[in-house]
Structure formats: C-alpha cells, structure tokens
file query_21.cif (mmCIF, C-alpha atoms)
data_my_file
loop_
_atom_site.group_PDB
_atom_site.id
_atom_site.type_symbol
_atom_site.label_atom_id
_atom_site.label_comp_id
_atom_site.auth_asym_id
_atom_site.auth_seq_id
_atom_site.Cartn_x
_atom_site.Cartn_y
_atom_site.Cartn_z
ATOM 1 C CA MET M 249 66.698 -207.429 6.654
ATOM 2 C CA SER M 250 65.017 -205.412 3.923
ATOM 3 C CA VAL M 251 66.150 -201.879 3.336
ATOM 4 C CA THR M 252 64.294 -199.136 1.549
ATOM 5 C CA VAL M 253 65.549 -198.019 -1.837
ATOM 6 C CA CYS M 254 66.366 -194.644 -0.275
ATOM 7 C CA GLU M 255 68.580 -196.376 2.304
ATOM 8 C CA ALA M 256 70.195 -198.662 -0.274
ATOM 9 C CA ILE M 257 71.341 -195.598 -2.232
ATOM 10 C CA ALA M 258 72.796 -194.032 0.929
ATOM 11 C CA VAL M 259 74.778 -197.218 1.557
ATOM 12 C CA VAL M 260 76.214 -197.123 -1.968
ATOM 13 C CA ILE M 261 77.179 -193.463 -1.537
ATOM 14 C CA GLN M 262 78.941 -194.305 1.731
ATOM 15 C CA GLU M 263 80.789 -197.243 0.175
ATOM 16 C CA ARG M 264 82.023 -195.114 -2.716
ATOM 17 C CA LEU M 265 83.218 -192.361 -0.415
ATOM 18 C CA GLU M 266 84.999 -194.847 1.859
ATOM 19 C CA GLU M 267 87.316 -195.530 -1.074
ATOM 20 C CA LEU M 268 88.855 -192.146 -0.214
ATOM 21 C CA ILE M 269 90.024 -193.402 3.193
ATOM 22 C CA SER M 270 92.852 -195.480 1.800
ATOM 23 C CA GLY M 271 92.925 -193.985 -1.665
ATOM 24 C CA SER M 272 95.587 -192.035 -3.494
ATOM 25 C CA GLU M 273 93.633 -188.786 -3.826
ATOM 26 C CA LEU M 274 94.944 -185.538 -2.364
ATOM 27 C CA THR M 275 92.384 -185.537 0.440
ATOM 28 C CA GLN M 276 93.175 -188.180 3.034
ATOM 29 C CA VAL M 277 89.701 -188.848 4.380
ATOM 30 C CA VAL M 278 89.751 -190.194 7.941
ATOM 31 C CA GLU M 279 86.193 -191.500 8.128
ATOM 32 C CA VAL M 280 82.799 -191.433 6.440
ATOM 33 C CA ILE M 281 79.954 -191.063 8.906
ATOM 34 C CA ARG M 282 76.218 -191.410 8.732
ATOM 35 C CA PRO M 283 75.089 -189.882 12.026
ATOM 36 C CA THR M 284 72.790 -191.674 14.399
ATOM 37 C CA VAL M 285 69.833 -189.850 15.922
ATOM 38 C CA ARG M 286 72.047 -188.892 18.858
ATOM 39 C CA GLY M 287 75.011 -187.917 16.724
ATOM 40 C CA ASP M 288 77.607 -190.168 18.297
ATOM 41 C CA PHE M 289 80.633 -188.906 16.414
ATOM 42 C CA THR M 290 83.220 -186.251 16.997
ATOM 43 C CA PRO M 291 84.253 -183.717 14.342
ATOM 44 C CA GLN M 292 87.626 -184.377 12.734
ATOM 45 C CA ASP M 293 89.796 -183.021 9.962
ATOM 46 C CA ASN M 294 88.998 -184.515 6.529
ATOM 47 C CA GLN M 295 85.823 -186.136 7.761
ATOM 48 C CA ILE M 296 82.778 -186.810 5.593
ATOM 49 C CA VAL M 297 79.296 -186.739 7.106
ATOM 50 C CA ILE M 298 76.437 -188.007 4.955
ATOM 51 C CA THR M 299 72.917 -186.909 5.784
ATOM 52 C CA VAL M 300 69.684 -187.644 3.974
ATOM 53 C CA GLY M 301 67.465 -184.654 3.381
ATOM 54 C CA ASP M 302 63.997 -184.210 1.954
ATOM 55 C CA THR M 303 62.340 -186.603 -0.461
ATOM 56 C CA GLN M 304 59.775 -185.378 -2.962
ATOM 57 C CA GLU M 305 57.644 -187.068 -5.578
ATOM 58 C CA ILE M 306 58.342 -186.359 -9.265
ATOM 59 C CA PRO M 307 54.909 -186.833 -10.916
ATOM 60 C CA GLU M 308 56.133 -186.493 -14.496
ATOM 61 C CA LEU M 309 58.424 -189.511 -14.091
ATOM 62 C CA LEU M 310 55.916 -191.989 -12.666
ATOM 63 C CA CYS M 311 55.166 -195.122 -14.659
ATOM 64 C CA PRO M 312 51.683 -196.621 -14.988
ATOM 65 C CA GLY M 313 51.164 -200.242 -13.999
ATOM 66 C CA ASN M 314 49.717 -202.350 -11.270
ATOM 67 C CA PRO M 315 51.050 -201.202 -8.933
ATOM 68 C CA PRO M 316 52.276 -198.011 -10.578
ATOM 69 C CA ALA M 317 55.890 -196.912 -10.105
ATOM 70 C CA ILE M 318 56.306 -193.713 -8.163
ATOM 71 C CA CYS M 319 59.372 -191.584 -8.847
ATOM 72 C CA TRP M 320 61.087 -189.940 -5.896
ATOM 73 C CA GLU M 321 63.923 -187.460 -5.642
ATOM 74 C CA THR M 322 65.961 -187.504 -2.455
ATOM 75 C CA THR M 323 68.692 -185.052 -1.537
ATOM 76 C CA TYR M 324 71.785 -186.607 0.028
ATOM 77 C CA SER M 325 74.160 -184.095 1.563
ATOM 78 C CA VAL M 326 77.836 -184.961 1.622
ATOM 79 C CA ARG M 327 79.401 -182.685 4.203
ATOM 80 C CA CYS M 328 83.170 -182.390 3.843
ATOM 81 C CA ARG M 329 84.692 -181.107 7.052
ATOM 82 C CA ILE M 330 88.145 -179.575 7.213
ATOM 83 C CA MET M 331 89.828 -178.807 10.493
ATOM 84 C CA PRO M 332 93.465 -178.092 9.659
ATOM 85 C CA SER M 333 96.079 -177.598 12.326
ATOM 86 C CA GLU M 334 96.604 -174.021 13.489
ATOM 87 C CA SER M 335 100.095 -174.253 12.020
ATOM 88 C CA ASP M 336 98.834 -175.365 8.607
ATOM 89 C CA THR M 337 99.560 -172.694 5.987
ATOM 90 C CA ASP M 338 97.479 -174.153 3.139
ATOM 91 C CA GLU M 339 94.791 -171.805 1.833
ATOM 92 C CA LYS M 340 91.275 -172.779 2.829
ATOM 93 C CA SER M 341 90.031 -172.629 -0.758
ATOM 94 C CA LYS M 342 92.756 -175.031 -1.816
ATOM 95 C CA LEU M 343 91.740 -177.570 0.814
ATOM 96 C CA THR M 344 88.006 -177.304 0.161
ATOM 97 C CA SER M 345 88.280 -177.417 -3.627
ATOM 98 C CA GLN M 346 90.501 -180.501 -3.413
ATOM 99 C CA PHE M 347 88.076 -182.098 -0.993
ATOM 100 C CA PHE M 348 84.945 -181.652 -3.073
ATOM 101 C CA ALA M 349 86.809 -182.581 -6.259
ATOM 102 C CA ASP M 350 87.882 -185.872 -4.699
ATOM 103 C CA VAL M 351 84.356 -186.461 -3.397
ATOM 104 C CA ILE M 352 82.862 -185.880 -6.856
ATOM 105 C CA LYS M 353 85.397 -188.262 -8.419
ATOM 106 C CA ALA M 354 84.533 -190.951 -5.880
ATOM 107 C CA ILE M 355 80.771 -190.575 -6.243
ATOM 108 C CA THR M 356 80.826 -190.579 -10.051
ATOM 109 C CA THR M 357 82.780 -193.816 -10.279
ATOM 110 C CA PRO M 358 82.057 -195.964 -12.281
ATOM 111 C CA GLN M 359 81.694 -193.216 -14.851
ATOM 112 C CA GLU M 360 79.231 -195.001 -17.143
ATOM 113 C CA SER M 361 76.691 -195.968 -14.484
ATOM 114 C CA TRP M 362 77.414 -193.901 -11.384
ATOM 115 C CA TYR M 363 73.959 -192.295 -11.405
ATOM 116 C CA GLN M 364 72.258 -195.686 -11.046
ATOM 117 C CA PHE M 365 73.823 -196.434 -7.662
ATOM 118 C CA ASP M 366 74.057 -200.171 -8.245
ATOM 119 C CA GLY M 367 70.712 -200.403 -9.992
ATOM 120 C CA ASN M 368 68.750 -198.490 -7.375
ATOM 121 C CA ALA M 369 68.276 -195.177 -9.192
ATOM 122 C CA ILE M 370 67.306 -193.907 -12.629
ATOM 123 C CA ASN M 371 69.178 -190.609 -12.549
ATOM 124 C CA ALA M 372 71.274 -188.358 -10.317
ATOM 125 C CA ARG M 373 72.884 -184.965 -10.438
ATOM 126 C CA LEU M 374 75.119 -182.851 -8.279
ATOM 127 C CA GLY M 375 73.706 -179.663 -6.762
ATOM 128 C CA ALA M 376 75.492 -176.396 -6.120
ATOM 129 C CA ILE M 377 78.504 -176.780 -3.847
ATOM 130 C CA GLU M 378 77.858 -174.924 -0.603
ATOM 131 C CA ASN M 379 80.631 -173.306 1.392
ATOM 132 C CA ASN M 380 80.227 -173.627 5.145
ATOM 133 C CA ASN M 381 81.985 -171.227 7.453
ATOM 134 C CA SER M 382 81.335 -171.364 11.142
ATOM 135 C CA GLU M 383 83.037 -172.287 14.369
ATOM 136 C CA SER M 384 81.254 -175.646 14.329
ATOM 137 C CA PHE M 385 81.646 -176.596 10.706
ATOM 138 C CA GLU M 386 84.270 -175.451 8.229
ATOM 139 C CA GLY M 387 84.163 -177.045 4.847
ATOM 140 C CA VAL M 388 81.875 -177.653 1.905
ATOM 141 C CA THR M 389 78.648 -179.511 1.334
ATOM 142 C CA VAL M 390 78.091 -181.432 -1.876
ATOM 143 C CA PRO M 391 74.359 -181.981 -2.456
ATOM 144 C CA LEU M 392 73.482 -185.068 -4.462
ATOM 145 C CA LEU M 393 69.963 -185.271 -5.887
ATOM 146 C CA VAL M 394 69.006 -188.836 -6.745
ATOM 147 C CA GLN M 395 65.868 -189.937 -8.599
ATOM 148 C CA TYR M 396 64.560 -193.469 -8.165
ATOM 149 C CA ARG M 397 61.350 -195.389 -8.657
ATOM 150 C CA THR M 398 59.592 -197.731 -6.269
ATOM 151 C CA ASP M 399 56.333 -199.600 -6.198
ATOM 152 C CA GLU M 400 53.570 -197.217 -5.157
ATOM 153 C CA ASN M 401 52.676 -199.466 -2.264
ATOM 154 C CA ASP M 402 56.183 -200.688 -1.373
ATOM 155 C CA PRO M 403 59.141 -198.272 -1.097
ATOM 156 C CA TYR M 404 61.361 -201.319 -0.479
ATOM 157 C CA THR M 405 60.918 -202.497 -4.069
ATOM 158 C CA VAL M 406 62.932 -200.748 -6.766
ATOM 159 C CA ARG M 407 61.366 -200.215 -10.180
ATOM 160 C CA ALA M 408 63.052 -199.404 -13.461
ATOM 161 C CA MET G 197 102.235 -164.391 47.118
ATOM 162 C CA THR G 198 99.816 -162.080 45.376
ATOM 163 C CA LEU G 199 96.101 -162.663 44.893
ATOM 164 C CA ALA G 200 96.744 -163.280 41.189
ATOM 165 C CA THR G 201 99.351 -165.982 41.782
ATOM 166 C CA THR G 202 97.157 -167.570 44.453
ATOM 167 C CA ILE G 203 94.252 -167.802 42.011
ATOM 168 C CA ILE G 204 96.510 -169.318 39.340
ATOM 169 C CA SER G 205 97.841 -171.851 41.809
ATOM 170 C CA ASP G 206 94.334 -172.700 43.011
ATOM 171 C CA ALA G 207 93.238 -173.422 39.438
ATOM 172 C CA ALA G 208 95.283 -176.605 39.391
ATOM 173 C CA THR G 209 95.433 -177.522 43.047
ATOM 174 C CA VAL G 210 91.888 -176.722 44.149
ATOM 175 C CA PHE G 211 89.486 -176.215 41.272
ATOM 176 C CA CYS G 212 90.977 -179.031 39.178
ATOM 177 C CA ASN G 213 91.538 -181.322 42.159
ATOM 178 C CA THR G 214 89.710 -184.627 41.796
ATOM 179 C CA SER G 215 88.948 -184.539 45.518
ATOM 180 C CA ASP G 216 87.019 -181.357 44.946
ATOM 181 C CA PHE G 217 85.363 -180.623 41.597
ATOM 182 C CA ALA G 218 87.380 -182.296 38.879
ATOM 183 C CA GLU G 219 87.685 -185.694 37.239
ATOM 184 C CA PRO G 220 90.581 -187.336 35.365
ATOM 185 C CA VAL G 221 90.571 -186.966 31.574
ATOM 186 C CA VAL G 222 93.225 -187.426 28.885
ATOM 187 C CA TYR G 223 94.449 -184.647 26.595
ATOM 188 C CA TRP G 224 95.433 -185.748 23.092
ATOM 189 C CA LYS G 225 97.389 -183.342 20.932
ATOM 190 C CA ARG G 226 96.661 -183.576 17.202
ATOM 191 C CA GLY G 227 98.422 -186.619 15.796
ATOM 192 C CA ALA G 228 99.964 -187.655 19.116
ATOM 193 C CA ILE G 229 100.511 -191.337 19.801
ATOM 194 C CA ALA G 230 100.090 -190.893 23.562
ATOM 195 C CA GLY G 231 97.835 -188.703 25.632
ATOM 196 C CA ARG G 232 98.524 -186.702 28.781
ATOM 197 C CA ASN G 233 96.591 -187.404 31.951
ATOM 198 C CA ILE G 234 95.108 -184.218 33.342
ATOM 199 C CA ASN G 235 92.256 -183.236 35.607
ATOM 200 C CA ALA G 236 89.290 -181.187 34.431
ATOM 201 C CA VAL G 237 85.838 -180.051 35.425
ATOM 202 C CA VAL G 238 83.464 -181.431 32.800
ATOM 203 C CA ILE G 239 80.031 -179.915 32.328
ATOM 204 C CA ARG G 240 77.891 -182.280 30.304
ATOM 205 C CA GLN G 241 75.443 -180.318 28.204
ATOM 206 C CA GLN G 242 72.189 -181.246 26.549
ATOM 207 C CA LEU G 243 72.016 -182.813 23.133
ATOM 208 C CA ALA G 244 71.562 -179.933 20.706
ATOM 209 C CA THR G 245 71.097 -179.340 17.025
ATOM 210 C CA VAL G 246 74.240 -178.109 15.381
ATOM 211 C CA SER G 247 72.612 -175.645 13.039
ATOM 212 C CA GLU G 248 75.803 -174.897 11.144
ATOM 213 C CA ASP G 249 76.086 -178.582 10.379
ATOM 214 C CA GLY G 250 72.572 -178.886 8.989
ATOM 215 C CA SER G 251 69.340 -179.237 10.866
ATOM 216 C CA GLU G 252 69.546 -183.009 10.546
ATOM 217 C CA THR G 253 72.588 -183.358 12.735
ATOM 218 C CA LEU G 254 72.472 -183.539 16.495
ATOM 219 C CA LEU G 255 75.630 -183.461 18.537
ATOM 220 C CA PRO G 256 76.115 -183.493 22.285
ATOM 221 C CA SER G 257 78.689 -181.116 23.718
ATOM 222 C CA TRP G 258 80.910 -180.890 26.749
ATOM 223 C CA GLU G 259 82.258 -177.748 28.376
ATOM 224 C CA VAL G 260 85.632 -178.584 29.885
ATOM 225 C CA HIS G 261 87.420 -176.402 32.428
ATOM 226 C CA ILE G 262 91.156 -177.046 32.689
ATOM 227 C CA ALA G 263 94.134 -175.389 34.254
ATOM 228 C CA ASN G 264 96.214 -173.221 31.933
ATOM 229 C CA ASP G 265 99.223 -175.370 32.706
ATOM 230 C CA GLY G 266 101.538 -177.535 30.636
ATOM 231 C CA THR G 267 101.669 -180.330 33.218
ATOM 232 C CA ASP G 268 98.405 -180.477 35.126
ATOM 233 C CA GLY G 269 96.266 -179.031 32.341
ATOM 234 C CA ILE G 270 96.660 -177.569 28.878
ATOM 235 C CA LEU G 271 98.856 -174.588 28.179
ATOM 236 C CA SER G 272 97.037 -171.930 26.154
ATOM 237 C CA THR G 273 100.015 -171.710 23.805
ATOM 238 C CA GLU G 274 100.018 -175.448 23.036
ATOM 239 C CA LEU G 275 96.278 -175.781 22.458
ATOM 240 C CA ASN G 276 95.535 -176.501 18.787
ATOM 241 C CA LEU G 277 91.931 -175.971 17.739
ATOM 242 C CA GLY G 278 92.743 -177.889 14.591
ATOM 243 C CA GLY G 279 92.402 -181.377 15.964
ATOM 244 C CA ASP G 280 93.318 -181.601 19.654
ATOM 245 C CA GLN G 281 91.025 -183.898 21.597
ATOM 246 C CA ILE G 282 90.062 -184.755 25.143
ATOM 247 C CA ALA G 283 89.101 -188.287 26.126
ATOM 248 C CA LEU G 284 86.274 -188.087 28.643
ATOM 249 C CA PRO G 285 83.293 -190.192 29.702
ATOM 250 C CA PRO G 286 80.267 -188.936 27.710
ATOM 251 C CA ARG G 287 78.164 -189.650 30.768
ATOM 252 C CA ASP G 288 79.352 -190.037 34.309
ATOM 253 C CA GLY G 289 80.555 -193.608 34.805
ATOM 254 C CA GLN G 290 80.869 -194.468 31.123
ATOM 255 C CA THR G 291 84.086 -195.379 29.349
ATOM 256 C CA ALA G 292 86.042 -192.377 28.110
ATOM 257 C CA VAL G 293 85.975 -191.566 24.394
ATOM 258 C CA LYS G 294 87.863 -188.912 22.473
ATOM 259 C CA LYS G 295 86.002 -185.704 21.717
ATOM 260 C CA THR G 296 87.405 -182.936 19.569
ATOM 261 C CA ILE G 297 88.055 -179.504 21.051
ATOM 262 C CA LEU G 298 86.149 -177.108 18.799
ATOM 263 C CA GLU G 299 86.223 -173.797 20.592
ATOM 264 C CA LEU G 300 88.192 -171.941 23.236
ATOM 265 C CA LEU G 301 85.347 -170.304 25.133
ATOM 266 C CA THR G 302 87.294 -168.312 27.688
ATOM 267 C CA GLN G 303 90.850 -168.055 28.868
ATOM 268 C CA ASP G 304 92.912 -166.374 31.516
ATOM 269 C CA ALA G 305 96.205 -167.022 33.257
ATOM 270 C CA GLY G 306 94.649 -169.636 35.520
ATOM 271 C CA MET G 307 92.055 -171.507 33.505
ATOM 272 C CA LEU G 308 90.918 -172.416 30.000
ATOM 273 C CA VAL G 309 87.341 -173.286 29.148
ATOM 274 C CA VAL G 310 86.915 -175.276 25.946
ATOM 275 C CA LEU G 311 83.952 -176.730 24.127
ATOM 276 C CA CYS G 312 84.185 -180.324 22.932
ATOM 277 C CA ARG G 313 81.813 -182.134 20.599
#
call {"tool": "encode", "arguments": {"input": "query_21.cif", "output": "structure tokens"}}
result
Amino acid sequence: MSVTVCEAIAVVIQERLEELISGSELTQVVEVIRPTVRGDFTPQDNQIVITVGDTQEIPELLCPGNPPAICWETTYSVRCRIMPSESDTDEKSKLTSQFFADVIKAITTPQESWYQFDGNAINARLGAIENNNSESFEGVTVPLLVQYRTDENDPYTVRA
Amino acid sequence: MTLATTIISDAATVFCNTSDFAEPVVYWKRGAIAGRNINAVVIRQQLATVSEDGSETLLPSWEVHIANDGTDGILSTELNLGGDQIALPPRDGQTAVKKTILELLTQDAGMLVVLCR
C-alpha cells in the first residue's frame, strides 16, 4: 500500500527510536508509540510517543517543473515520558537530559545523512526542547522539523 | 464497633463486593512478575484530550475505587504512582488490559480512588 512522504518519514523516525529499546544508551526505552485516533496506549516510564503536528508549505524551496515540486515542512513531536518510581532518588533534570540526549543521538544516526530520512527529506532540524510538567505528562518533547518535496499533485511521490 | 470501623469494613465487604457494585481486576506493582487479584468499582469515562500531552493525543481514562487494604485492595502506603498498573476491561465484557495508575484522586482510611489511563 502506498504511503505519503509525510508518513514514510514518521516510520523512519519510529524505526530509529526503536533502536533505543534494546540499545546500550542510558535511557532504557520501553516502547515507541504512534497513537491511534483513540489513543490505545497506557503511559509508562521511559516511553516515547511520536505525534505528527502541522505541515506548512515552504514557497522559497519549491522547484519548477511539470508537475512542480512543492516543499513542505512538517513538525514531528517526540514526547519522552518519564515516570520514575516514588522511591527513585535520581534528579528529574538528570533523567530528562539523558532521555533527550539519547533521542537526539538515535534520530541523527547515520550522522552523514540523518536529515534525509532514507531519501524522503531534503533537510531537517531539531527545535527547542520543551519541558513538560504536569500530572499527566512528565518529561520532555523534542520537536523535529522536517522539510521534504513532493509532486504538486501527488503527496505520495517524493521529489529531490 | 464504631461507625468509622464499620465504614472501613464495608469498603471491602460491601462496596467492593462483586455481588454488589464491584468487578474483579488485577493490581500490578511496578516491575512485579505477578499481579494481585482485587475487587474494584470501575467508572469508565469518556475519551478525552490529554491537553498536557499535546492536543493531538486522545486517551481514555478510568476512575477506579478500591479498598485501602493490602489484601482485598491496595494499601495507600504501597501504592506507587511511578508505574503501578491495574488490569481491567476497557469496556464491560472486553478482555482486561493493563492501565497505568496516574493519579491518586482521593483517599481515606476505607477507600482509595485512582485515575488510570
């Protein structure tokens, strides 16, 4: 089944982050989730939730042609949830900084071409790390802004 | 027997009695390899946006009433809001799945009310 370029990038992000589940990094990630419409998951310690935010057109990066290539920028939010045991004495900042550091390392691997997301994107950058403090969600959010081109009339077809 | 002790006793034997209001659920302490069978009154709430988790994320929630008891319910001193879970049917009649206890809504000597998502 065909997938949109936007979805293909989300899949690559998920695959890279799933390397943290059995990896040797300090944060032992338990699962990487992309929520369904009805949110069928339960919050857990060291859980990553990926959501896809707004997509906007970048007019200055379009390419002429027939059809022309439209450039889009989509924000992918990587939400890193911590839920340490009540007996855990580690400082919160230590846990969150380790978590987003490990997430950044995973996303930016391979170093030389990470921003292409397996040939689906032309550029990517990390946004400002957001601290989240509430009863429902403790942790940090790593925004990832990815630019990619598609046919004007077919967002399933990637363009260079 | 005082009124207070009667109320505490009724929490487990009446309010959390499966012949009255309650249903069987399983309490899982963080990291435990086996759960504990307990009875609880489960109030299944509407699907709601979890605003703290971003407007994109919807999560259903369950309000669970249990006896403040180490055998028939959950003792307030053993409850760990850092990962304890309750396995309950998301909808009546469905297979039970584990849901994390996120908040302790109210507590007294007889009962605990927790929020699971």
call {"tool": "resolve_selection", "arguments": {"input": "query_21.cif", "expression": "the PyMOL selection byres ((chain G and resi 204) around 9)", "output": "MDAnalysis selection string"}}
result
chainID G and resid 199:203 205:208 263:264 305:307
call {"tool": "residues_near_point", "arguments": {"input": "query_21.cif", "point": "(64.1, -204.9, 4.4)", "cutoff": "12 Å", "atoms": "only C-alpha atoms", "output": "mmCIF file with C-alpha atoms, keeping the file's coordinate frame"}}
result
data_model
loop_
_atom_site.group_PDB
_atom_site.id
_atom_site.type_symbol
_atom_site.label_atom_id
_atom_site.label_comp_id
_atom_site.auth_asym_id
_atom_site.auth_seq_id
_atom_site.Cartn_x
_atom_site.Cartn_y
_atom_site.Cartn_z
ATOM 1 C CA MET M 249 66.698 -207.429 6.654
ATOM 2 C CA SER M 250 65.017 -205.412 3.923
ATOM 3 C CA VAL M 251 66.150 -201.879 3.336
ATOM 4 C CA THR M 252 64.294 -199.136 1.549
ATOM 5 C CA VAL M 253 65.549 -198.019 -1.837
ATOM 6 C CA CYS M 254 66.366 -194.644 -0.275
ATOM 7 C CA GLU M 255 68.580 -196.376 2.304
ATOM 8 C CA ALA M 256 70.195 -198.662 -0.274
ATOM 9 C CA ASP M 402 56.183 -200.688 -1.373
ATOM 10 C CA PRO M 403 59.141 -198.272 -1.097
ATOM 11 C CA TYR M 404 61.361 -201.319 -0.479
ATOM 12 C CA THR M 405 60.918 -202.497 -4.069
ATOM 13 C CA VAL M 406 62.932 -200.748 -6.766
#
call {"tool": "residues_near_point", "arguments": {"input": "query_21.cif", "point": "(81.3, -181.3, 23.9)", "cutoff": "6 Å", "atoms": "all atoms listed in the file", "output": "count of residues only"}}
result
7
call {"tool": "resolve_selection", "arguments": {"input": "query_21.cif", "expression": "the PyMOL selection byres ((chain G and resi 220-235) around 7)", "output": "list in words"}}
result
Cys212, Asn213, Thr214, Ala218, Glu219, Ala236, Ile262, Asp268, Gly269, Gly279, Asp280, Gln281, Ile282, Ala283 and Leu284 of chain G
call {"tool": "atom_distance", "arguments": {"input": "query_21.cif", "atom1": "atom CA of Ile352 of chain M", "atom2": "atom CA of Phe289 of chain M"}}
result
23.6 Å
call {"tool": "closest_residue", "arguments": {"input": "query_21.cif", "among": "M:Gly301, M:Pro316, M:Pro307, M:Pro358", "to": "chain G", "atoms": "all atoms listed in the file"}}
result
M:Gly301
call {"tool": "residues_around", "arguments": {"input": "query_21.cif", "residues": "Pro312 of chain M", "least_positions_apart": "2", "cutoff": "12 Å", "atoms": "only C-alpha atoms", "output": "ChimeraX atom specification"}}
result
/M:307-310,314-319,397-400,407-408
call {"tool": "write_last_selection", "arguments": {"input": "query_21.cif", "atoms": "C-alpha atoms", "output": "mmCIF file, keeping the file's coordinate frame"}}
result
data_model
loop_
_atom_site.group_PDB
_atom_site.id
_atom_site.type_symbol
_atom_site.label_atom_id
_atom_site.label_comp_id
_atom_site.auth_asym_id
_atom_site.auth_seq_id
_atom_site.Cartn_x
_atom_site.Cartn_y
_atom_site.Cartn_z
ATOM 1 C CA PRO M 307 54.909 -186.833 -10.916
ATOM 2 C CA GLU M 308 56.133 -186.493 -14.496
ATOM 3 C CA LEU M 309 58.424 -189.511 -14.091
ATOM 4 C CA LEU M 310 55.916 -191.989 -12.666
ATOM 5 C CA ASN M 314 49.717 -202.350 -11.270
ATOM 6 C CA PRO M 315 51.050 -201.202 -8.933
ATOM 7 C CA PRO M 316 52.276 -198.011 -10.578
ATOM 8 C CA ALA M 317 55.890 -196.912 -10.105
ATOM 9 C CA ILE M 318 56.306 -193.713 -8.163
ATOM 10 C CA CYS M 319 59.372 -191.584 -8.847
ATOM 11 C CA ARG M 397 61.350 -195.389 -8.657
ATOM 12 C CA THR M 398 59.592 -197.731 -6.269
ATOM 13 C CA ASP M 399 56.333 -199.600 -6.198
ATOM 14 C CA GLU M 400 53.570 -197.217 -5.157
ATOM 15 C CA ARG M 407 61.366 -200.215 -10.180
ATOM 16 C CA ALA M 408 63.052 -199.404 -13.461
#
call {"tool": "closest_residue", "arguments": {"input": "query_21.cif", "among": "G:Leu308, G:Leu255, G:Leu301, G:Leu275", "to": "chain M", "atoms": "all atoms listed in the file"}}
result
G:Leu255
call {"tool": "atom_distance", "arguments": {"input": "query_21.cif", "atom1": "atom CA of Ser270 of chain M", "atom2": "atom CA of Asp288 of chain M"}}
result
23.1 Å
call {"tool": "closest_atom_pairs", "arguments": {"input": "query_21.cif", "of": "chain M", "to": "chain G", "cutoff": "9 Å", "atoms": "all atoms listed in the file", "output": "tab-separated table"}}
result
residue	atom	partner	partner_atom	distance
M:Pro283	CA	G:Thr253	CA	7.0
M:Thr284	CA	G:Leu254	CA	8.4
M:Val285	CA	G:Leu254	CA	6.9
M:Arg286	CA	G:Leu254	CA	5.9
M:Gly287	CA	G:Leu255	CA	4.9
M:Asp288	CA	G:Leu255	CA	7.0
M:Phe289	CA	G:Leu255	CA	7.7
M:Thr290	CA	G:Lys295	CA	5.5
M:Pro291	CA	G:Thr296	CA	6.2
M:Gln292	CA	G:Gly279	CA	6.5
M:Asp293	CA	G:Gly279	CA	6.7
M:Thr299	CA	G:Glu252	CA	7.0
M:Val300	CA	G:Glu252	CA	8.0
M:Gly301	CA	G:Glu252	CA	7.6
M:Arg327	CA	G:Asp249	CA	8.1
M:Ile330	CA	G:Gly278	CA	8.9
M:Met331	CA	G:Gly278	CA	5.1
M:Pro332	CA	G:Gly278	CA	5.0
M:Ser333	CA	G:Gly278	CA	4.0
M:Glu334	CA	G:Gly278	CA	5.6
M:Ser335	CA	G:Asn276	CA	8.5
M:Asp336	CA	G:Gly278	CA	8.9
M:Asn380	CA	G:Glu248	CA	7.6
M:Asn381	CA	G:Glu248	CA	8.1
M:Ser382	CA	G:Glu248	CA	6.6
M:Glu383	CA	G:Glu299	CA	7.2
M:Ser384	CA	G:Glu248	CA	6.4
M:Phe385	CA	G:Asp249	CA	5.9
M:Glu386	CA	G:Glu248	CA	9.0
call {"tool": "atom_distance", "arguments": {"input": "query_21.cif", "atom1": "atom CA of Ile261 of chain M", "atom2": "atom CA of Arg282 of chain M"}}
result
10.5 Å
call {"tool": "resolve_selection", "arguments": {"input": "query_21.cif", "expression": "the PyMOL selection byres ((chain M and resi 392) around 7)", "output": "PDB file with C-alpha atoms, in the frame of the given file"}}
result
ATOM      1  CA  THR M 323      68.692-185.052  -1.537  1.00  0.00           C
ATOM      2  CA  TYR M 324      71.785-186.607   0.028  1.00  0.00           C
ATOM      3  CA  SER M 325      74.160-184.095   1.563  1.00  0.00           C
ATOM      4  CA  ARG M 373      72.884-184.965 -10.438  1.00  0.00           C
ATOM      5  CA  LEU M 374      75.119-182.851  -8.279  1.00  0.00           C
ATOM      6  CA  GLY M 375      73.706-179.663  -6.762  1.00  0.00           C
ATOM      7  CA  VAL M 390      78.091-181.432  -1.876  1.00  0.00           C
ATOM      8  CA  PRO M 391      74.359-181.981  -2.456  1.00  0.00           C
ATOM      9  CA  LEU M 393      69.963-185.271  -5.887  1.00  0.00           C
ATOM     10  CA  VAL M 394      69.006-188.836  -6.745  1.00  0.00           C
TER      11      VAL M 394
END
call {"tool": "residues_around", "arguments": {"input": "query_21.cif", "residues": "Val309 of chain G", "least_positions_apart": "6", "cutoff": "6 Å", "atoms": "all atoms listed in the file", "output": "NGL selection string"}}
result
:G and (260-261 or 301-302)
